[in-house]
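Below: one structure, written as structure tokens.
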Amino acid sequence: MDTGCKGELEKKMKKLLLNGCEAAGEGAISAGCKFYAGYPITPQNRFPEYMSYRLPEEGGIFIQSESEISAINMVFGASAAGVRAMTSSSSPGISLKQEGISYLAGCELPAVIINMNRGGPGLGDVTPSQSDYFQATRGGGHGDYRTIVLAPYSVQEIYDFTYLAFDLADKYRNPVLILADGIIAQVMESVNLKPKKKKLPEKKWALTGCKGRKPNSIKSLFLTPGVLETHNWKLARKYERIEKKEIRYEQYFSDDAELGIVSYGTCARIVLESLKKARKNGIKASLFRPITLWPFPYRQLSDFIKSVKKILVIEMNLGQMLDDVKISNTSNKRIFFYGRPGGGVPTPEEIFKEIKKI
Amino acid sequence: MKVIYKKPESITDNTTIYCPGCGHGIVHKIIAEVIDQLDIREKTISIAPVGCAVLSYNYFNFDVTEAAHGRCPAVATAIKRVYPDRIVFTYQGDGDLAAIGTAEIIHCAARGENITVIFINNAVYGMTKGQMAPTTLPGQKTTTTPYGRDTSYHGYPIRMCELLSTLAGPSYIERTTIENVPEIIKTKRAIQKAFTYQVENKGFSFVEVLSTCPTNWKMTPSEAMKWVGDTMKNYFIPGVYKDKYNKGET
């Protein structure tokens, strides 16, 4: 249908061939991000490289920091100053950033942190992995807190989710993590770009100098007995609001399925390929893909599990989301697990073989 | 009635928790007076450290935040880059700046960020009750050097002014003390100069103040002041270590 505004749309929307790092960078710029600090680490080196020229082009600030710790604390500073700020890294670097993420959560500062997950533990390797699921969804740093975690499964999604992440971070004054991996970081796909966000939320709490108002303070230290407990209950109520409103997931082939597969991110994308083959071979299998890893879609997954006979969890790790699937398994279905740790990436054929075994 | 003396506007009415004879009160007041005199209170943003002086956010009457241990210079860097026309300063102790935050201060100085750093050196970890600091003197007894700092075992104290002055980034580096009134006046002059440099966009300014911790030194306040002048000053020599805009001065 010709809406008569095609020319207008074309002006506002562009399509570009980008890798995951570039797409996330563009997503951030579209969302009005003004500050990026980062440190080189494979497989996301393209991220700081890309931001080093794209962000200044858009009037933003890029800093190559001396460390991952410094990068996250620069994000803390920029966020405290009231601008949209982000950093990116890969697993060992994200471990180093946990101190700062805990402070951001404690101070209720918005920020976006992207993890292009690589194999661990330790220095591990530089191949794609989902081994940071626990770290991302269980807080990661010290203290009682939660971060929103979005798991993209395509380059388009890392663009869209980075854009969304800034809105969520500001809405809840909370850090938002994007848990992707080395494949999404490096693979190139075409991406539909959104028009650049013009109006950003006002931040009366930000540190801008106290001209014409009382001084603002941003802190996470509450030494008076009972004050921290009150603060943490306030955080808890915020987390409850997020759990009510921000759950995201997708289901595929779920009408008549007997085998329900649960998988997220890159792994879910590969599963989807296997499912097409399974369907051709008459196997009634379906896929449930959590998009928000926190808040996790427990209730929705529970309903999904009720509708099938058996469950197969597939992850590129030793079984981390598996724990959340077990929590959702209120109908006591049998759960199978296929995992590939240490940077192992399953092929659609390997997954198809696993499906056939069940 | 003519007002001949009043509390700086940059200080709140809160009662400090600092111990009797602690140097923080003196330096807080100097900073507040300087900020009032330069008329920059409404555009100043300060970053408090981890340690006793984290509570400075209760005492300064302008926008404040606190950083994770040692990370003040990274936080300050970002705030200043976002708002180049605001006045941004960090207030850090010796454990914060010269141990856990060594990387942050060195790289902030190397980048020549247009911020001011006030470095309080009292040769000991104050808030955690007196452990060895990176600036604990050779022979000095602390709760983790009960027999005195043995340089062959614990290593040597770090002289931050000397170290930072080897970098091309900083514009102004000075070490002062608060051992007596003339030295306190010199300290005020140095802090005033540091903030003035920032106001004039002259780059990174750093003032190290040799300060007191009578509680952890197990001294009276007056003994502590004397120890700064008689002992600390011999290892950490006061003076201007770098001044890009006044090369003749020492």
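Simple scheme: letters A, B, ... for chains in structure tokens order, numbers from 1 for residues in each chain, numbers from 1 for ligands in the order shown.
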Using only C-alpha atoms, which residues sit within 9 Å of segment 219-225 of chain B once same-chain residues fewer than 2 positions away are excluded, as a compact mmCIF listing (two decimals) with N, CA and C atoms, in the first residue's frame?
```txt
# COMPACT_ATOMS: atom_id res chain seq x y z
N PRO B 20 39.56 14.58 66.29
CA PRO B 20 40.28 15.79 66.67
C PRO B 20 41.71 15.76 66.10
N GLY B 21 42.11 16.85 65.51
CA GLY B 21 43.47 16.93 64.97
C GLY B 21 43.63 16.39 63.56
N CYS B 22 42.54 15.89 62.98
CA CYS B 22 42.58 15.37 61.60
C CYS B 22 42.75 16.54 60.62
N ILE B 178 50.33 20.97 56.33
CA ILE B 178 49.46 21.75 57.22
C ILE B 178 50.03 21.79 58.63
N GLU B 179 51.38 21.67 58.75
CA GLU B 179 52.00 21.55 60.08
C GLU B 179 51.83 22.78 60.96
N ASN B 180 51.70 23.96 60.36
CA ASN B 180 51.50 25.19 61.14
C ASN B 180 50.80 26.23 60.27
N SER B 211 49.33 15.64 55.55
CA SER B 211 48.28 15.88 56.53
C SER B 211 48.45 14.95 57.74
N THR B 212 47.53 15.05 58.67
CA THR B 212 47.67 14.34 59.95
C THR B 212 46.62 13.26 60.14
N CYS B 213 46.98 12.23 60.90
CA CYS B 213 46.01 11.22 61.35
C CYS B 213 46.38 10.83 62.78
N PRO B 214 46.16 11.75 63.75
CA PRO B 214 46.62 11.50 65.11
C PRO B 214 46.08 10.18 65.68
N THR B 215 44.83 9.83 65.35
CA THR B 215 44.23 8.61 65.92
C THR B 215 45.07 7.39 65.56
N ASN B 216 45.37 7.25 64.25
CA ASN B 216 46.10 6.05 63.83
C ASN B 216 47.61 6.16 64.04
N TRP B 217 48.09 7.39 64.15
CA TRP B 217 49.51 7.56 64.47
C TRP B 217 49.75 7.39 65.98
N TRP B 227 55.01 16.00 63.87
CA TRP B 227 55.57 14.85 63.12
C TRP B 227 55.56 15.12 61.62
N VAL B 228 54.51 15.81 61.16
CA VAL B 228 54.46 16.19 59.74
C VAL B 228 55.68 17.04 59.40
N GLY B 229 55.95 18.05 60.26
CA GLY B 229 57.05 18.99 60.00
C GLY B 229 58.42 18.37 60.21
N ASP B 230 58.54 17.52 61.26
CA ASP B 230 59.87 16.99 61.61
C ASP B 230 60.24 15.74 60.82
```
Please report, as CSV, each residue of chain B lying at most 10 Å from chain A, together with the nearest pair of atoms and the separation in Å rounded to one decimal; use only C-alpha atoms, and order rows by chain and ascending residue number.
```
residue,atom,partner,partner_atom,distance
B:Ile40,CA,A:Gly209,CA,9.2
B:Arg41,CA,A:Cys210,CA,7.6
B:Glu42,CA,A:Lys211,CA,4.5
B:Lys43,CA,A:Gly209,CA,4.0
B:Thr44,CA,A:Gly209,CA,5.5
B:Ile45,CA,A:Gly209,CA,6.1
B:Ser46,CA,A:Leu207,CA,9.4
B:Ile47,CA,A:Gly77,CA,9.3
B:Ala48,CA,A:Lys219,CA,9.5
B:Val50,CA,A:Leu221,CA,9.7
B:Val54,CA,A:Leu221,CA,8.6
B:Leu55,CA,A:Leu221,CA,9.0
B:Tyr57,CA,A:Ser217,CA,7.3
B:Asn58,CA,A:Ser217,CA,9.0
B:Phe60,CA,A:Pro215,CA,9.1
B:Asn61,CA,A:Pro215,CA,6.4
B:Phe62,CA,A:Pro215,CA,4.8
B:Asp63,CA,A:Pro215,CA,4.7
B:Val64,CA,A:Ser217,CA,4.8
B:Thr65,CA,A:Ile218,CA,4.7
B:Glu66,CA,A:Lys219,CA,5.6
B:Ala67,CA,A:Asn73,CA,7.7
B:Ala68,CA,A:Tyr103,CA,7.2
B:His69,CA,A:Glu99,CA,9.7
B:Gly70,CA,A:Ser70,CA,9.7
B:Arg71,CA,A:Asn73,CA,6.5
B:Cys72,CA,A:Asn73,CA,8.1
B:Pro73,CA,A:Met74,CA,8.6
B:Ala74,CA,A:Met74,CA,5.0
B:Val75,CA,A:Gly77,CA,4.2
B:Ala76,CA,A:Gly77,CA,6.4
B:Thr77,CA,A:Met74,CA,6.7
B:Ala78,CA,A:Ala78,CA,5.0
B:Ile79,CA,A:Gly77,CA,5.2
B:Lys80,CA,A:Ala78,CA,8.7
B:Arg81,CA,A:Ile61,CA,7.4
B:Val82,CA,A:Ala78,CA,6.5
B:Tyr83,CA,A:Thr208,CA,7.7
B:Arg86,CA,A:Gly209,CA,7.0
B:Ile87,CA,A:Gly209,CA,8.5
B:Val88,CA,A:Gly209,CA,9.6
B:Gly101,CA,A:Ser70,CA,9.5
B:Ala103,CA,A:Glu66,CA,7.3
B:Glu104,CA,A:Ser70,CA,6.6
B:Ile106,CA,A:Glu66,CA,9.5
B:His107,CA,A:Glu66,CA,6.6
B:Cys108,CA,A:Glu66,CA,9.1
```
Write the selection just made, keeping N, CA and C atoms, as a compact mmCIF listing (two decimals), in the first residue's frame?
```
# COMPACT_ATOMS: atom_id res chain seq x y z
N ILE B 40 32.78 30.01 42.07
CA ILE B 40 32.52 28.88 41.16
C ILE B 40 31.66 27.80 41.82
N ARG B 41 31.11 28.11 43.02
CA ARG B 41 30.37 27.08 43.76
C ARG B 41 29.26 26.46 42.92
N GLU B 42 28.54 27.28 42.17
CA GLU B 42 27.38 26.78 41.43
C GLU B 42 27.75 26.00 40.18
N LYS B 43 29.04 25.97 39.87
CA LYS B 43 29.41 25.13 38.73
C LYS B 43 30.48 24.11 39.08
N THR B 44 30.60 23.85 40.40
CA THR B 44 31.61 22.89 40.84
C THR B 44 30.98 21.52 41.07
N ILE B 45 31.69 20.47 40.65
CA ILE B 45 31.28 19.09 40.90
C ILE B 45 32.47 18.38 41.51
N SER B 46 32.28 17.78 42.70
CA SER B 46 33.43 17.11 43.33
C SER B 46 33.20 15.61 43.40
N ILE B 47 34.30 14.88 43.41
CA ILE B 47 34.23 13.43 43.50
C ILE B 47 34.96 13.00 44.76
N ALA B 48 34.20 12.37 45.66
CA ALA B 48 34.76 11.92 46.93
C ALA B 48 35.37 10.53 46.76
N VAL B 50 37.10 6.73 48.42
CA VAL B 50 36.78 5.77 49.48
C VAL B 50 37.79 6.01 50.60
N VAL B 54 35.28 10.14 52.12
CA VAL B 54 34.08 9.88 51.32
C VAL B 54 32.95 10.75 51.85
N LEU B 55 32.99 11.01 53.16
CA LEU B 55 31.91 11.79 53.78
C LEU B 55 31.98 13.27 53.45
N TYR B 57 31.11 14.48 50.94
CA TYR B 57 29.88 14.87 50.24
C TYR B 57 28.81 15.38 51.19
N ASN B 58 28.98 15.12 52.48
CA ASN B 58 28.05 15.71 53.46
C ASN B 58 28.46 17.13 53.85
N PHE B 60 30.48 19.41 51.71
CA PHE B 60 30.60 20.39 50.63
C PHE B 60 29.21 20.76 50.13
N ASN B 61 29.00 22.05 49.94
CA ASN B 61 27.69 22.55 49.52
C ASN B 61 27.65 22.81 48.00
N PHE B 62 27.95 21.76 47.24
CA PHE B 62 27.79 21.81 45.78
C PHE B 62 27.55 20.39 45.29
N ASP B 63 27.43 20.20 44.00
CA ASP B 63 27.15 18.85 43.47
C ASP B 63 28.32 17.89 43.77
N VAL B 64 27.96 16.72 44.27
CA VAL B 64 29.00 15.75 44.67
C VAL B 64 28.62 14.33 44.28
N THR B 65 29.63 13.53 44.05
CA THR B 65 29.41 12.08 43.94
C THR B 65 30.58 11.38 44.61
N GLU B 66 30.46 10.06 44.68
CA GLU B 66 31.56 9.28 45.26
C GLU B 66 31.97 8.26 44.22
N ALA B 67 33.27 7.93 44.20
CA ALA B 67 33.76 6.94 43.24
C ALA B 67 34.17 5.68 43.98
N ALA B 68 34.24 4.57 43.24
CA ALA B 68 34.81 3.35 43.81
C ALA B 68 36.27 3.64 44.17
N HIS B 69 36.84 2.78 45.02
CA HIS B 69 38.16 3.03 45.57
C HIS B 69 39.22 3.29 44.48
N GLY B 70 39.74 4.48 44.45
CA GLY B 70 40.81 4.83 43.51
C GLY B 70 40.34 5.35 42.16
N ARG B 71 39.02 5.30 41.90
CA ARG B 71 38.53 5.58 40.55
C ARG B 71 38.12 7.04 40.31
N CYS B 72 38.31 7.90 41.32
CA CYS B 72 37.90 9.31 41.17
C CYS B 72 38.39 9.94 39.87
N PRO B 73 39.66 9.76 39.48
CA PRO B 73 40.12 10.46 38.27
C PRO B 73 39.38 10.02 37.01
N ALA B 74 38.95 8.75 36.95
CA ALA B 74 38.19 8.27 35.78
C ALA B 74 36.81 8.92 35.76
N VAL B 75 36.16 8.97 36.93
CA VAL B 75 34.83 9.59 37.04
C VAL B 75 34.94 11.08 36.69
N ALA B 76 35.97 11.73 37.24
CA ALA B 76 36.17 13.17 37.01
C ALA B 76 36.43 13.45 35.53
N THR B 77 37.23 12.59 34.90
CA THR B 77 37.53 12.74 33.47
C THR B 77 36.25 12.85 32.66
N ALA B 78 35.33 11.90 32.91
CA ALA B 78 34.10 11.86 32.13
C ALA B 78 33.23 13.09 32.39
N ILE B 79 33.10 13.46 33.66
CA ILE B 79 32.24 14.62 33.99
C ILE B 79 32.79 15.88 33.31
N LYS B 80 34.12 16.04 33.38
CA LYS B 80 34.73 17.23 32.78
C LYS B 80 34.61 17.22 31.25
N ARG B 81 34.74 16.04 30.64
CA ARG B 81 34.59 15.97 29.19
C ARG B 81 33.16 16.29 28.77
N VAL B 82 32.20 15.86 29.60
CA VAL B 82 30.79 16.16 29.29
C VAL B 82 30.52 17.66 29.47
N TYR B 83 31.06 18.23 30.54
CA TYR B 83 30.85 19.67 30.82
C TYR B 83 32.19 20.39 30.95
N ARG B 86 32.41 23.32 33.52
CA ARG B 86 32.22 23.16 34.96
C ARG B 86 33.59 22.94 35.61
N ILE B 87 33.63 23.14 36.93
CA ILE B 87 34.87 22.93 37.68
C ILE B 87 34.77 21.58 38.38
N VAL B 88 35.67 20.69 38.04
CA VAL B 88 35.61 19.32 38.55
C VAL B 88 36.87 19.02 39.34
N GLY B 101 44.33 3.15 43.19
CA GLY B 101 43.98 3.99 42.04
C GLY B 101 45.18 4.53 41.28
N ALA B 103 46.73 3.50 38.59
CA ALA B 103 46.56 3.57 37.13
C ALA B 103 45.69 4.77 36.76
N GLU B 104 44.60 4.97 37.51
CA GLU B 104 43.66 6.04 37.16
C GLU B 104 44.32 7.41 37.26
N ILE B 106 47.59 8.19 37.20
CA ILE B 106 48.68 8.38 36.23
C ILE B 106 48.11 8.68 34.84
N HIS B 107 47.10 7.93 34.43
CA HIS B 107 46.58 8.15 33.08
C HIS B 107 45.75 9.42 32.96
N CYS B 108 45.08 9.79 34.03
CA CYS B 108 44.35 11.06 34.02
C CYS B 108 45.34 12.22 33.87
```
Long-range neighbours of Ile247 of chain A as number ranges by chain, 10 Å cut-off, only C-alpha atoms, 6 positions minimum in chain: A: 148, 150, 290-298, 300
Per-residue nearest contacts of segment 143-221 of chain A to segment 13-17 of chain A (10 Å; only C-alpha atoms) as a tab-separated table:
```
residue	atom	partner	partner_atom	distance
A:Val155	CA	A:Leu17	CA	9.5
A:Met188	CA	A:Leu17	CA	6.4
A:Glu189	CA	A:Leu17	CA	5.5
A:Ser190	CA	A:Leu17	CA	4.2
A:Val191	CA	A:Leu16	CA	5.3
A:Asn192	CA	A:Lys15	CA	4.5
A:Leu193	CA	A:Lys14	CA	5.2
A:Lys194	CA	A:Met13	CA	5.6
A:Pro195	CA	A:Met13	CA	6.1
A:Lys196	CA	A:Met13	CA	9.5
```
